[in-house]
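See below for data15.cif, which holds mmCIF, C-alpha atoms.
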data_target
#
loop_
_atom_site.label_atom_id
_atom_site.label_comp_id
_atom_site.auth_asym_id
_atom_site.auth_seq_id
_atom_site.Cartn_x
_atom_site.Cartn_y
_atom_site.Cartn_z
CA MET A 1 0.00 0.00 0.00
CA TRP A 2 1.48 3.32 -1.02
CA GLY A 3 0.51 6.73 0.17
CA LEU A 4 1.66 10.03 1.43
CA ILE A 5 2.92 10.36 4.96
CA HIS A 6 4.74 13.46 5.99
CA PRO A 7 8.15 12.49 7.34
CA ARG A 8 7.81 14.82 10.30
CA ALA A 9 4.28 13.69 11.08
CA LYS A 10 4.84 9.98 11.29
CA ALA A 11 3.40 8.27 14.32
CA GLY A 12 6.16 5.76 14.90
CA PHE A 13 6.88 2.41 13.35
CA GLY A 14 4.84 0.41 15.81
CA ALA A 15 1.53 2.10 15.12
CA THR A 16 0.75 0.16 11.97
CA THR A 17 -3.01 0.30 12.26
CA LEU A 18 -3.08 4.05 12.66
CA LEU A 19 -0.64 4.41 9.82
CA ALA A 20 -2.74 2.26 7.54
CA VAL A 21 -5.70 4.55 8.15
CA LEU A 22 -3.55 7.61 7.53
CA VAL A 23 -2.22 6.11 4.31
CA LEU A 24 -5.69 5.31 3.03
CA PHE A 25 -6.90 8.80 3.84
CA ALA A 26 -3.90 10.45 2.28
CA SER A 27 -4.12 8.32 -0.87
CA ALA A 28 -7.64 9.50 -1.45
CA GLN A 29 -6.61 13.11 -1.14
CA SER A 30 -3.83 13.51 -3.59
CA ALA A 31 -1.77 11.99 -6.34
CA SER A 32 0.09 9.33 -4.48
CA GLY A 33 1.68 6.26 -5.92
CA ILE A 34 4.78 5.91 -7.93
CA GLY A 35 7.81 8.08 -8.29
CA ILE A 36 7.55 11.80 -7.94
CA GLY A 37 3.75 11.78 -8.06
CA GLU A 38 3.03 12.84 -11.61
CA SER A 39 5.39 10.28 -13.04
CA GLY A 40 7.70 7.43 -12.16
CA PHE A 41 11.27 8.07 -11.08
CA TYR A 42 12.86 6.45 -14.12
CA SER A 43 12.15 6.02 -17.81
CA PHE A 44 11.98 2.63 -19.50
CA GLY A 45 13.59 1.19 -22.59
CA SER A 46 10.60 -0.74 -23.84
CA SER A 47 6.85 -0.35 -24.06
CA GLY A 48 4.87 -1.65 -21.11
CA CYS A 49 7.43 -0.20 -18.70
CA PRO A 50 8.77 -3.49 -17.30
CA LYS A 51 10.50 -3.05 -13.95
CA THR A 52 13.70 -4.65 -15.16
CA ASP A 53 14.20 -2.10 -17.92
CA HIS A 54 14.79 1.23 -16.22
CA ILE A 55 17.07 3.58 -18.21
CA ASP A 56 17.24 7.21 -17.08
CA PRO A 57 16.20 9.12 -13.94
CA VAL A 58 13.58 11.85 -14.16
CA GLY A 59 15.24 15.19 -13.38
CA VAL A 60 12.90 17.96 -14.46
CA VAL A 61 9.24 18.92 -14.31
CA PHE A 62 7.92 21.82 -16.37
CA GLN A 63 4.71 23.08 -14.85
CA GLY A 64 2.29 25.91 -15.32
CA THR A 65 -0.46 27.03 -17.61
CA HIS A 66 1.77 26.60 -20.66
CA ALA A 67 3.65 23.45 -19.72
CA SER A 68 2.52 21.28 -22.60
CA ALA A 69 5.15 18.97 -24.05
CA LYS A 70 5.31 21.04 -27.24
CA ILE A 71 5.77 24.38 -25.50
CA SER A 72 8.22 22.84 -23.01
CA SER A 73 10.28 21.59 -25.94
CA GLU A 74 10.09 25.00 -27.61
CA GLN A 75 11.19 26.68 -24.38
CA VAL A 76 14.15 24.32 -24.09
CA ALA A 77 15.11 25.31 -27.62
CA LEU A 78 14.69 29.00 -26.81
CA HIS A 79 16.64 29.07 -23.56
CA ALA A 80 19.11 26.19 -23.86
CA GLY A 81 19.43 26.01 -27.64
CA TRP A 82 18.52 22.31 -27.72
CA ASP A 83 16.35 21.57 -30.76
CA GLU A 84 13.79 18.84 -31.33
CA GLN A 85 15.34 15.71 -32.77
CA THR A 86 13.04 13.16 -34.37
CA SER A 87 15.59 10.49 -35.22
CA THR A 88 16.76 9.84 -31.65
CA SER A 89 15.54 6.66 -29.97
CA THR A 90 12.39 6.73 -27.91
CA GLN A 91 11.70 5.65 -24.31
CA TRP A 92 8.66 5.16 -22.09
CA LEU A 93 7.54 6.47 -18.69
CA TRP A 94 4.71 5.97 -16.21
CA VAL A 95 2.71 9.19 -16.12
CA LEU A 96 -0.56 10.20 -14.50
CA THR A 97 -3.19 9.86 -17.20
CA GLY A 98 -6.25 10.92 -15.20
CA ASN A 99 -8.26 9.99 -12.12
CA GLU A 100 -5.01 9.20 -10.32
CA LYS A 101 -4.28 6.37 -12.77
CA TYR A 102 -0.91 5.86 -14.36
CA GLY A 103 -0.19 4.84 -17.93
CA CYS A 104 3.02 3.83 -19.68
CA ARG A 105 3.55 6.48 -22.34
CA GLU A 106 6.07 6.99 -25.12
CA THR A 107 8.32 10.07 -25.33
CA ASN A 108 6.56 13.09 -26.85
CA TYR A 109 9.52 15.33 -27.67
CA GLN A 110 13.26 15.17 -27.23
CA PRO A 111 15.35 18.29 -27.70
CA VAL A 112 19.10 17.77 -28.14
CA SER A 113 22.00 20.19 -28.26
CA ASP A 114 23.53 18.44 -31.25
CA GLY A 115 22.18 16.01 -33.81
CA ASP A 116 23.05 12.40 -34.52
CA ILE A 117 24.95 13.18 -37.71
CA PRO A 118 27.84 13.49 -37.27
CA PRO A 119 27.72 11.65 -33.93
CA SER A 120 28.86 13.88 -31.09
CA SER A 121 28.65 14.58 -27.41
CA ARG A 122 25.51 16.47 -26.52
CA TYR A 123 22.86 17.46 -24.03
CA HIS A 124 19.56 15.65 -24.41
CA VAL A 125 16.22 15.56 -22.65
CA ARG A 126 13.25 13.31 -23.40
CA LEU A 127 9.91 14.87 -22.53
CA TRP A 128 6.58 13.34 -21.58
CA TYR A 129 3.32 15.20 -21.14
CA VAL A 130 1.35 14.35 -18.00
CA PRO A 131 -2.29 14.09 -19.16
CA GLN A 132 -3.77 14.56 -15.69
CA GLU A 133 -3.99 18.30 -15.24
CA ASP A 134 -4.34 20.09 -11.93
CA GLY A 135 -6.83 22.86 -12.63
CA THR A 136 -5.06 25.05 -15.17
CA THR A 137 -1.65 23.65 -14.27
CA ARG A 138 -0.12 21.41 -16.89
CA ARG A 139 3.00 19.32 -16.43
CA THR A 140 5.67 17.85 -18.64
CA VAL A 141 8.44 15.74 -17.14
CA GLY A 142 11.86 14.99 -18.57
CA THR A 143 15.11 13.06 -18.20
CA PRO A 144 17.91 15.58 -18.92
CA HIS A 145 21.44 14.30 -19.37
CA HIS A 146 24.76 14.87 -21.10
CA GLU A 147 26.09 11.99 -23.14
CA ASP A 148 29.13 11.15 -25.18
CA TRP A 149 29.22 9.28 -28.44
CA VAL A 150 31.05 5.99 -27.96
CA TRP A 151 32.11 4.27 -31.17
CA THR A 152 32.55 0.88 -29.55
CA CYS A 153 28.90 0.74 -28.49
CA PRO A 154 28.11 2.28 -30.99
CA GLY A 155 25.87 4.88 -29.48
CA HIS A 156 25.59 7.50 -26.76
CA ALA A 157 26.64 6.81 -23.16
CA VAL A 158 25.71 9.14 -20.31
CA ASP A 159 28.79 10.63 -18.65
CA ALA A 160 29.93 8.51 -15.74
CA ASN A 161 29.81 9.67 -12.12
CA GLY A 162 32.61 12.08 -11.31
CA SER A 163 33.49 14.75 -8.78
CA ASN A 164 31.26 17.18 -10.71
CA GLY A 165 28.38 14.74 -10.87
CA SER A 166 27.18 12.45 -13.61
CA GLY A 167 25.84 13.28 -17.05
CA PHE A 168 22.36 13.21 -15.51
CA ASP A 169 23.37 15.96 -13.07
CA GLN A 170 25.15 17.95 -15.79
CA GLY A 171 22.09 17.87 -18.03
CA ARG A 172 19.85 19.05 -15.22
CA HIS A 173 22.29 21.81 -14.26
CA ALA A 174 22.41 23.00 -17.87
CA LEU A 175 18.62 23.23 -18.07
CA LYS A 176 18.41 24.93 -14.70
CA ASN A 177 20.99 27.55 -15.59
CA ALA A 178 19.39 28.22 -18.98
CA PHE A 179 15.92 28.76 -17.54
CA VAL A 180 17.11 30.78 -14.56
CA ASN A 181 19.01 33.04 -16.94
CA GLY A 182 15.84 33.22 -19.03
CA GLY A 183 13.94 34.62 -16.06
CA HIS A 184 11.94 31.53 -15.13
CA SER A 185 11.35 30.43 -11.57
CA VAL A 186 13.19 27.17 -10.89
CA GLN A 187 12.66 25.18 -7.73
CA SER A 188 14.84 22.31 -6.59
CA GLU A 189 13.57 19.29 -4.69
CA TYR A 190 15.32 16.24 -3.37
CA TRP A 191 13.78 13.03 -4.76
CA GLY A 192 16.54 10.54 -4.04
CA ASN A 193 16.31 8.63 -7.33
CA THR A 194 20.01 7.82 -7.21
CA ALA A 195 20.12 4.30 -8.68
CA ASN A 196 23.10 3.75 -10.94
CA PHE A 197 22.82 2.65 -14.55
CA LYS A 198 25.45 0.71 -16.44
CA GLN A 199 26.20 2.47 -19.69
CA CYS A 200 27.15 0.83 -22.96
CA ASP A 201 30.82 1.68 -22.34
CA GLY A 202 30.76 -0.21 -19.02
CA ASP A 203 30.78 2.87 -16.80
CA TYR A 204 28.08 3.69 -14.26
CA ALA A 205 26.04 6.86 -14.13
CA GLY A 206 23.35 7.93 -11.68
CA SER A 207 21.57 11.08 -10.58
CA ASP A 208 22.56 12.79 -7.35
CA GLY A 209 18.87 12.65 -6.47
CA TRP A 210 17.88 16.24 -7.12
CA GLY A 211 15.02 17.30 -9.36
CA ILE A 212 13.96 20.70 -10.61
CA ARG A 213 10.59 22.28 -11.31
CA ILE A 214 10.53 24.97 -13.95
CA SER A 215 7.58 27.34 -14.15
CA LEU A 216 6.06 27.84 -17.61
CA ASN A 217 3.25 30.31 -17.34
CA HIS A 218 3.64 32.02 -20.67
CA ALA A 219 4.36 30.78 -24.16
CA SER A 220 7.37 32.86 -25.10
CA GLY A 221 10.46 34.40 -23.54
CA MET B 1 13.48 20.07 1.45
CA ILE B 2 12.92 22.70 -1.24
CA PHE B 3 15.36 25.23 -2.54
CA ALA B 4 14.84 27.87 -5.14
CA LEU B 5 17.36 29.54 -7.37
CA SER B 6 17.20 32.44 -9.73
CA ALA B 7 19.67 34.60 -11.55
CA THR B 8 21.98 36.60 -9.26
CA GLY B 9 19.77 35.84 -6.32
CA ALA B 10 17.41 38.74 -6.75
CA ALA B 11 15.66 38.23 -10.06
CA GLU B 12 11.95 37.68 -10.11
CA GLY B 13 10.36 34.43 -11.18
CA GLU B 14 7.34 34.17 -13.44
CA GLY B 15 5.08 34.62 -10.50
CA GLY B 16 6.82 37.87 -9.66
CA SER B 17 8.22 36.75 -6.34
CA PRO B 18 11.94 37.02 -5.70
CA GLN B 19 13.79 33.74 -5.28
CA SER B 20 16.70 33.04 -2.96
CA VAL B 21 20.01 31.50 -3.79
CA GLU B 22 20.60 28.01 -2.43
CA VAL B 23 22.54 27.58 0.78
CA ALA B 24 25.86 25.82 1.18
CA ALA B 25 25.94 22.13 1.92
CA ASP B 26 26.67 20.55 5.25
CA SER B 27 28.73 17.56 4.24
CA LEU B 28 31.53 15.28 5.32
CA PRO B 29 34.91 15.74 3.64
CA CYS B 30 35.26 13.46 0.63
CA THR B 31 37.45 10.40 1.02
CA LYS B 32 39.13 8.70 -1.93
CA PRO B 33 38.06 5.27 -3.21
CA ASP B 34 41.15 3.65 -1.70
CA GLU B 35 40.71 5.32 1.69
CA PRO B 36 38.46 4.25 4.56
CA THR B 37 35.22 6.20 4.59
CA ASN B 38 34.42 8.64 7.38
CA PHE B 39 31.00 7.02 7.83
CA THR B 40 29.94 3.40 8.23
CA ALA B 41 29.17 1.78 4.89
CA PHE B 42 27.15 -1.42 4.58
CA SER B 43 27.04 -4.30 2.14
CA ALA B 44 25.02 -7.48 1.81
CA GLY B 45 28.11 -9.65 1.64
CA GLY B 46 29.84 -10.92 -1.46
CA ASN B 47 27.10 -13.02 -3.05
CA PRO B 48 23.70 -12.21 -1.50
CA LEU B 49 20.86 -14.45 -2.68
CA GLY B 50 23.26 -15.84 -5.26
CA ILE B 51 23.78 -12.45 -6.90
CA PRO B 52 27.52 -11.79 -7.13
CA LEU B 53 29.27 -8.50 -6.42
CA THR B 54 30.13 -6.95 -9.79
CA ALA B 55 31.23 -3.40 -8.97
CA THR B 56 32.11 -1.05 -6.13
CA LEU B 57 31.50 2.66 -6.62
CA ARG B 58 32.70 5.49 -4.40
CA ARG B 59 30.94 8.72 -5.28
CA CYS B 60 31.57 11.98 -3.47
CA ASP B 61 30.63 15.12 -5.38
CA GLU B 62 32.55 18.33 -4.87
CA GLY B 63 31.03 20.31 -7.71
CA PRO B 64 27.79 22.30 -7.87
CA THR B 65 24.59 20.77 -6.60
CA ASP B 66 20.98 21.87 -6.79
CA GLY B 67 20.77 22.23 -3.03
CA PRO B 68 22.47 21.42 0.24
CA ILE B 69 22.65 17.67 -0.36
CA SER B 70 25.64 16.52 -2.37
CA ALA B 71 26.08 12.90 -3.36
CA ASN B 72 28.37 11.03 -0.99
CA TYR B 73 28.06 7.29 -0.93
CA VAL B 74 29.63 3.88 -1.27
CA SER B 75 27.76 1.62 -3.66
CA TYR B 76 28.00 -2.14 -3.93
CA ILE B 77 26.49 -3.34 -7.19
CA TYR B 78 25.39 -6.95 -7.51
CA GLY B 79 24.71 -8.80 -10.73
CA ASP B 80 24.75 -7.58 -14.29
CA CYS B 81 21.98 -6.29 -16.48
CA LYS B 82 20.83 -7.02 -20.00
CA TYR B 83 19.32 -4.78 -22.56
CA LEU B 84 15.73 -5.84 -23.16
CA ARG B 85 14.95 -3.00 -25.46
CA PRO B 86 14.59 -3.10 -29.24
CA ALA B 87 17.63 -2.54 -31.40
CA GLY B 88 18.42 1.13 -31.81
CA VAL B 89 17.03 2.20 -28.44
CA GLU B 90 19.85 3.81 -26.49
CA GLY B 91 20.40 3.96 -22.78
CA GLY B 92 21.93 2.15 -19.85
CA CYS B 93 20.52 -0.67 -17.82
CA ARG B 94 19.93 -1.08 -14.12
CA PRO B 95 21.67 -3.89 -12.24
CA PRO B 96 19.37 -6.22 -10.27
CA LEU B 97 20.66 -5.10 -6.86
CA GLU B 98 22.54 -2.05 -5.60
CA ILE B 99 23.26 -1.04 -2.01
CA GLN B 100 24.27 2.56 -1.42
CA THR B 101 25.32 3.90 1.97
CA TRP B 102 25.22 7.65 2.62
CA PRO B 103 26.08 9.59 5.76
CA ALA B 104 22.74 10.22 7.47
CA CYS B 105 23.69 13.87 7.78
CA GLN B 106 23.65 14.07 3.97
CA ARG B 107 20.59 11.95 3.22
CA SER B 108 17.63 11.25 5.45
CA LEU B 109 13.91 10.59 5.34
CA ALA B 110 13.25 14.22 6.12
CA ASP B 111 14.95 15.45 2.96
CA TYR B 112 12.33 14.26 0.49
CA THR B 113 9.53 16.33 -0.90
CA TYR B 114 7.82 17.11 -4.15
CA GLU B 115 5.90 20.16 -5.18
CA GLY B 116 5.99 21.43 -1.63
CA ARG B 117 4.09 18.36 -0.48
CA PRO B 118 5.11 15.27 1.45
CA TYR B 119 6.74 12.49 -0.42
CA PRO B 120 5.20 9.06 -0.94
CA TYR B 121 6.73 6.29 1.09
CA GLU B 122 5.70 3.34 3.19
CA GLU B 123 6.80 2.75 6.73
CA LEU B 124 7.95 -0.85 7.11
CA SER B 125 8.79 -3.07 10.05
CA ARG B 126 12.08 -2.36 11.74
CA GLU B 127 15.11 -4.41 10.80
CA ASP B 128 16.60 -5.06 14.21
CA ALA B 129 16.55 -1.57 15.75
CA ALA B 130 16.92 0.24 12.44
CA GLU B 131 13.99 2.05 10.87
CA VAL B 132 12.97 1.10 7.33
CA ALA B 133 11.02 3.01 4.70
CA GLY B 134 9.86 1.80 1.30
CA PHE B 135 9.77 3.81 -1.90
CA GLU B 136 9.13 3.11 -5.57
CA GLU B 137 6.66 0.31 -4.85
CA GLY B 138 9.21 -1.54 -2.78
CA SER B 139 12.04 -1.46 -5.29
CA ARG B 140 13.84 1.08 -3.10
CA LEU B 141 14.14 0.43 0.62
CA GLU B 142 15.92 2.81 2.94
CA VAL B 143 17.36 1.63 6.24
CA TYR B 144 18.20 4.25 8.84
CA SER B 145 20.81 2.84 11.20
CA GLY B 146 23.21 4.78 13.40
CA ALA B 147 24.61 7.68 11.39
CA SER B 148 24.14 5.89 8.07
CA THR B 149 21.37 5.81 5.49
CA ILE B 150 21.42 2.53 3.57
CA VAL B 151 19.55 2.65 0.27
CA VAL B 152 18.71 -0.72 -1.30
CA PHE B 153 17.69 -0.61 -4.97
CA ALA B 154 16.35 -3.81 -6.52
CA ASN B 155 14.35 -4.42 -9.66
CA ASP B 156 12.40 -7.06 -7.71
CA PRO B 157 10.93 -5.76 -4.43
CA ALA B 158 11.18 -9.26 -2.99
CA VAL B 159 14.95 -9.16 -3.46
CA ALA B 160 15.15 -5.81 -1.66
CA GLU B 161 13.23 -7.22 1.28
CA LYS B 162 15.20 -10.47 1.47
CA VAL B 163 18.53 -8.67 1.46
CA LEU B 164 17.82 -6.62 4.59
CA PRO B 165 18.81 -9.36 7.08
CA LEU B 166 22.07 -9.81 5.18
CA LEU B 167 23.27 -6.24 5.73
CA ARG B 168 26.60 -5.87 7.47
CA PRO B 169 28.98 -2.98 8.08
CA GLN B 170 32.12 -2.53 6.07
CA THR B 171 35.22 -3.58 7.97
CA ALA B 172 36.31 -0.62 10.09
CA ASP B 173 39.34 1.35 8.92
CA SER B 174 39.30 -0.36 5.52
CA PRO B 175 38.53 1.23 2.17
CA PRO B 176 35.38 0.07 0.34
CA ALA B 177 35.85 -3.57 -0.62
CA ARG B 178 36.57 -4.44 -4.24
CA GLU B 179 36.32 -8.19 -3.96
CA ALA B 180 33.43 -10.35 -2.85
CA ALA B 181 35.71 -12.27 -0.49
CA GLU B 182 36.42 -9.11 1.48
CA LEU B 183 32.73 -8.59 2.05
CA GLU B 184 32.21 -12.21 3.04
CA ARG B 185 34.63 -11.86 5.92
CA GLN B 186 32.18 -9.59 7.71
CA ALA B 187 29.15 -11.44 9.09
CA PRO B 188 25.65 -9.94 9.06
CA ALA B 189 25.26 -7.72 12.08
CA GLU B 190 22.49 -6.32 14.23
CA LEU B 191 21.46 -2.96 12.87
CA ALA B 192 21.48 -0.15 15.38
CA ALA B 193 18.67 2.33 15.84
CA PRO B 194 19.08 5.57 13.93
CA ALA B 195 21.20 8.20 15.63
CA SER B 196 19.30 10.92 17.41
CA GLY B 197 17.86 13.33 14.85
CA ALA B 198 18.98 11.22 11.88
CA THR B 199 15.56 10.52 10.38
CA GLU B 200 14.36 14.02 11.18
CA GLY B 201 17.15 15.59 9.12
CA GLU B 202 18.64 17.19 12.20
CA LEU B 203 21.93 15.32 12.27
CA GLN B 204 24.83 17.61 11.47
CA CYS B 205 27.91 16.52 9.57
CA GLY B 206 29.93 18.95 11.59
CA GLY B 207 31.79 20.19 8.55
#
File written out as structure tokens:
Amino acid sequence: MWGLIHPRAKAGFGATTLLAVLVLFASAQSASGIGIGESGFYSFGSSGCPKTDHIDPVGVVFQGTHASAKISSEQVALHAGWDEQTSTSTQWLWVLTGNEKYGCRETNYQPVSDGDIPPSSRYHVRLWYVPQEDGTTRRTVGTPHHEDWVWTCPGHAVDANGSNGSGFDQGRHALKNAFVNGGHSVQSEYWGNTANFKQCDGDYAGSDGWGIRISLNHASG
Amino acid sequence: MIFALSATGAAEGEGGSPQSVEVAADSLPCTKPDEPTNFTAFSAGGNPLGIPLTATLRRCDEGPTDGPISANYVSYIYGDCKYLRPAGVEGGCRPPLEIQTWPACQRSLADYTYEGRPYPYEELSREDAAEVAGFEEGSRLEVYSGASTIVVFANDPAVAEKVLPLLRPQTADSPPAREAAELERQAPAELAAPASGATEGELQCGG
């Protein structure tokens, strides 16, 4: 059973009955369930979102009256200079589809800082629209990262963990800086989705667990 | 824990309200991979549930973070992973079992939040005296013991649960183990209760 319990309001680990009631009540009040609420913590490499096929950690949520996937992608292009790339491989993600139900959905847009031809290192974020809206607030979630082209794969590998973070952290930092400089409000939250992923070059990369929320309440600028 | 950032600390966000610049982190000094850690790291032995140790990671970030928590952990990775995805789909894969240990002063139950609201987790039965919380539908279990936060990631929630009784501290004054045999030398141990203030996010690193 999964629900929302405020860390500072917990009643103690022995009070299971009381907790069960609290969990049931909380679940009925808000979007509980998997991951960060509006989506899972990690994307998947195949349709159906099988648990054994996690790929990338979610690192960004665009939210506001204009946070559709299309406008989010356009804003990434405007502020970060990453343009929509249609030839890059797709992924899947659990997202809230409505009535607190989750569905496994395919990537909607994926801006990149450099194209596939010629192959190069680049920033990249896959974006998914969250169909369940909250009043006038829309949400689009993404998995930003920086990746290098590795000929022996062949393909892109997210930068391994290092003293300045992994490629997942670098991608998120790049988006954050671009949108802050563009005048958008950016809020950081700690999600703890720090699982490591083995890349095609044999190195490991994982998020430091931070996520950012970027406000999109107008269509341009 | 929520932190906001905007340009030069005084710019206005879309909502018109000024945002503050993030505060500096309270963190332990980084130790090198071949040095003993300055916190107690845990493993599940060398071959838990028949899943062999395949990698040891020591991550300690010194660069910019998005808030006061910087990554600082020892990770024991068990098993390998296969790519199930169709040809042409890029991306890494997640090993079947990973055990990360963080200093509790740098990662605790009190740190999590989303959209200004509490964070979904499940309180589970204690493991010895340690407190346990479940996330991600049981594929991430966090054990709060002493001044350590042990994070167990498993693709199969049953594996995460079964590995808890196998947890044992890293040999004192030794660097993170590279070989399974080193981890086997340490027997599973009783897990202590969390240090005072550890799960409330009140434990200071003292740095």
Evaluate the PyMOL selection byres ((chain B and resi 40-45) around 6) on the structure here and hand back the selected residues as a count of residues only.
12
For the structure provided, state which residues fall under the PyMOL selection byres ((chain B and resi 134) around 7), and present them as a list of chain:residue names.
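Matching residues under the PyMOL selection byres ((chain B and resi 134) around 7) are B:Tyr121, B:Glu122, B:Glu123, B:Leu124, B:Val132, B:Ala133, B:Phe135, B:Gly138, B:Arg140, B:Leu141, B:Glu142.
Those residues returned by the PyMOL selection byres ((chain B and resi 29) around 12) for this file are Ala25, Asp26, Ser27, Leu28, Cys30, Thr31, Lys32, Thr37, Asn38, Phe39, Cys60, Asp61, Glu62, Ser70, Ala71, Asn72, Tyr73, Pro103, Gln106, Cys205, Gly206 and Gly207 of chain B.
Closest approach to Pro120 in chain B among A:Trp210, A:Gly167, A:Asn217, A:Trp191: A:Trp191, based on only C-alpha atoms.
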Nearest to chain A: which of B:Pro165, B:Pro68, B:Pro118, B:Pro194 is it, counting all atoms listed in the file?
B:Pro118
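Closest to Cys49 in chain A among A:Thr86, A:Gln91, A:Gly35, A:Ser121 is A:Gln91, based on only C-alpha atoms.
Distance-wise, CA of Ala193 in chain B and CA of Ala110 in chain B end up 16.3 Å apart.
Each of A:Asn181, A:Ser73, A:Thr152, A:Ser120 was compared to chain B using only C-alpha atoms, and A:Asn181 turns out to be the nearest.
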Would you mind telling me which residue in A:Ser215, A:Ser163, A:Gln75, A:Ser207 lies nearest to Gly192 in chain A when using all atoms listed in the file?
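Under the stated criterion, the closest residue is A:Ser207.
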Point out the residue among A:Ser89, A:Thr65, A:Thr97, A:Ser166 with the least atom-to-atom distance to chain B, counting all atoms listed in the file.
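Nearest candidate to chain B out of A:Ser89, A:Thr65, A:Thr97, A:Ser166: A:Ser89.
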Using Å and a single decimal, report how far CA of Ser185 in chain A sits from CA of Ser39 in chain A.
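Taking CA of Ser39 in chain A as the start and CA of Ser185 in chain A as the end point, the length is 21.1 Å.
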Distance CA of Glu202 in chain B-CA of Glu136 in chain B, one decimal place?
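Value for the CA of Glu202 in chain B-CA of Glu136 in chain B distance: 24.6 Å.
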Copy range 92-108 of chain B out of the block into a file, keeping N, CA and C atoms, as an mmCIF file, in the first residue's frame.
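Everything below was put into selection-v9.cif:
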data_model
loop_
_atom_site.group_PDB
_atom_site.id
_atom_site.type_symbol
_atom_site.label_atom_id
_atom_site.label_comp_id
_atom_site.auth_asym_id
_atom_site.auth_seq_id
_atom_site.Cartn_x
_atom_site.Cartn_y
_atom_site.Cartn_z
ATOM 1 N N GLY B 92 21.284 3.131 -20.703
ATOM 2 C CA GLY B 92 21.926 2.153 -19.846
ATOM 3 C C GLY B 92 20.930 1.131 -19.339
ATOM 4 N N CYS B 93 21.407 0.295 -18.453
ATOM 5 C CA CYS B 93 20.524 -0.671 -17.823
ATOM 6 C C CYS B 93 20.821 -0.701 -16.327
ATOM 7 N N ARG B 94 19.828 -1.121 -15.577
ATOM 8 C CA ARG B 94 19.933 -1.076 -14.116
ATOM 9 C C ARG B 94 20.261 -2.467 -13.572
ATOM 10 N N PRO B 95 21.328 -2.585 -12.814
ATOM 11 C CA PRO B 95 21.668 -3.892 -12.243
ATOM 12 C C PRO B 95 20.558 -4.374 -11.312
ATOM 13 N N PRO B 96 20.486 -5.691 -11.088
ATOM 14 C CA PRO B 96 19.373 -6.215 -10.274
ATOM 15 C C PRO B 96 19.395 -5.774 -8.817
ATOM 16 N N LEU B 97 20.584 -5.475 -8.282
ATOM 17 C CA LEU B 97 20.657 -5.098 -6.865
ATOM 18 C C LEU B 97 21.796 -4.104 -6.657
ATOM 19 N N GLU B 98 21.510 -3.040 -5.948
ATOM 20 C CA GLU B 98 22.537 -2.054 -5.599
ATOM 21 C C GLU B 98 22.298 -1.605 -4.169
ATOM 22 N N ILE B 99 23.370 -1.515 -3.405
ATOM 23 C CA ILE B 99 23.259 -1.040 -2.014
ATOM 24 C C ILE B 99 24.156 0.173 -1.846
ATOM 25 N N GLN B 100 23.535 1.318 -1.654
ATOM 26 C CA GLN B 100 24.272 2.561 -1.424
ATOM 27 C C GLN B 100 24.216 2.891 0.065
ATOM 28 N N THR B 101 25.323 3.379 0.599
ATOM 29 C CA THR B 101 25.316 3.901 1.975
ATOM 30 C C THR B 101 25.770 5.352 1.954
ATOM 31 N N TRP B 102 24.940 6.217 2.513
ATOM 32 C CA TRP B 102 25.219 7.649 2.622
ATOM 33 C C TRP B 102 25.368 8.016 4.098
ATOM 34 N N PRO B 103 26.132 9.055 4.395
ATOM 35 C CA PRO B 103 26.076 9.586 5.762
ATOM 36 C C PRO B 103 24.658 10.114 6.028
ATOM 37 N N ALA B 104 24.107 9.785 7.181
ATOM 38 C CA ALA B 104 22.740 10.220 7.473
ATOM 39 C C ALA B 104 22.627 11.738 7.522
ATOM 40 N N CYS B 105 23.749 12.411 7.763
ATOM 41 C CA CYS B 105 23.686 13.875 7.783
ATOM 42 C C CYS B 105 23.587 14.447 6.369
ATOM 43 N N GLN B 106 23.752 13.598 5.347
ATOM 44 C CA GLN B 106 23.648 14.066 3.970
ATOM 45 C C GLN B 106 22.460 13.461 3.222
ATOM 46 N N ARG B 107 21.802 12.505 3.836
ATOM 47 C CA ARG B 107 20.589 11.955 3.224
ATOM 48 C C ARG B 107 19.746 11.325 4.310
ATOM 49 N N SER B 108 18.520 11.802 4.444
ATOM 50 C CA SER B 108 17.626 11.246 5.453
ATOM 51 C C SER B 108 16.197 11.293 4.951
#
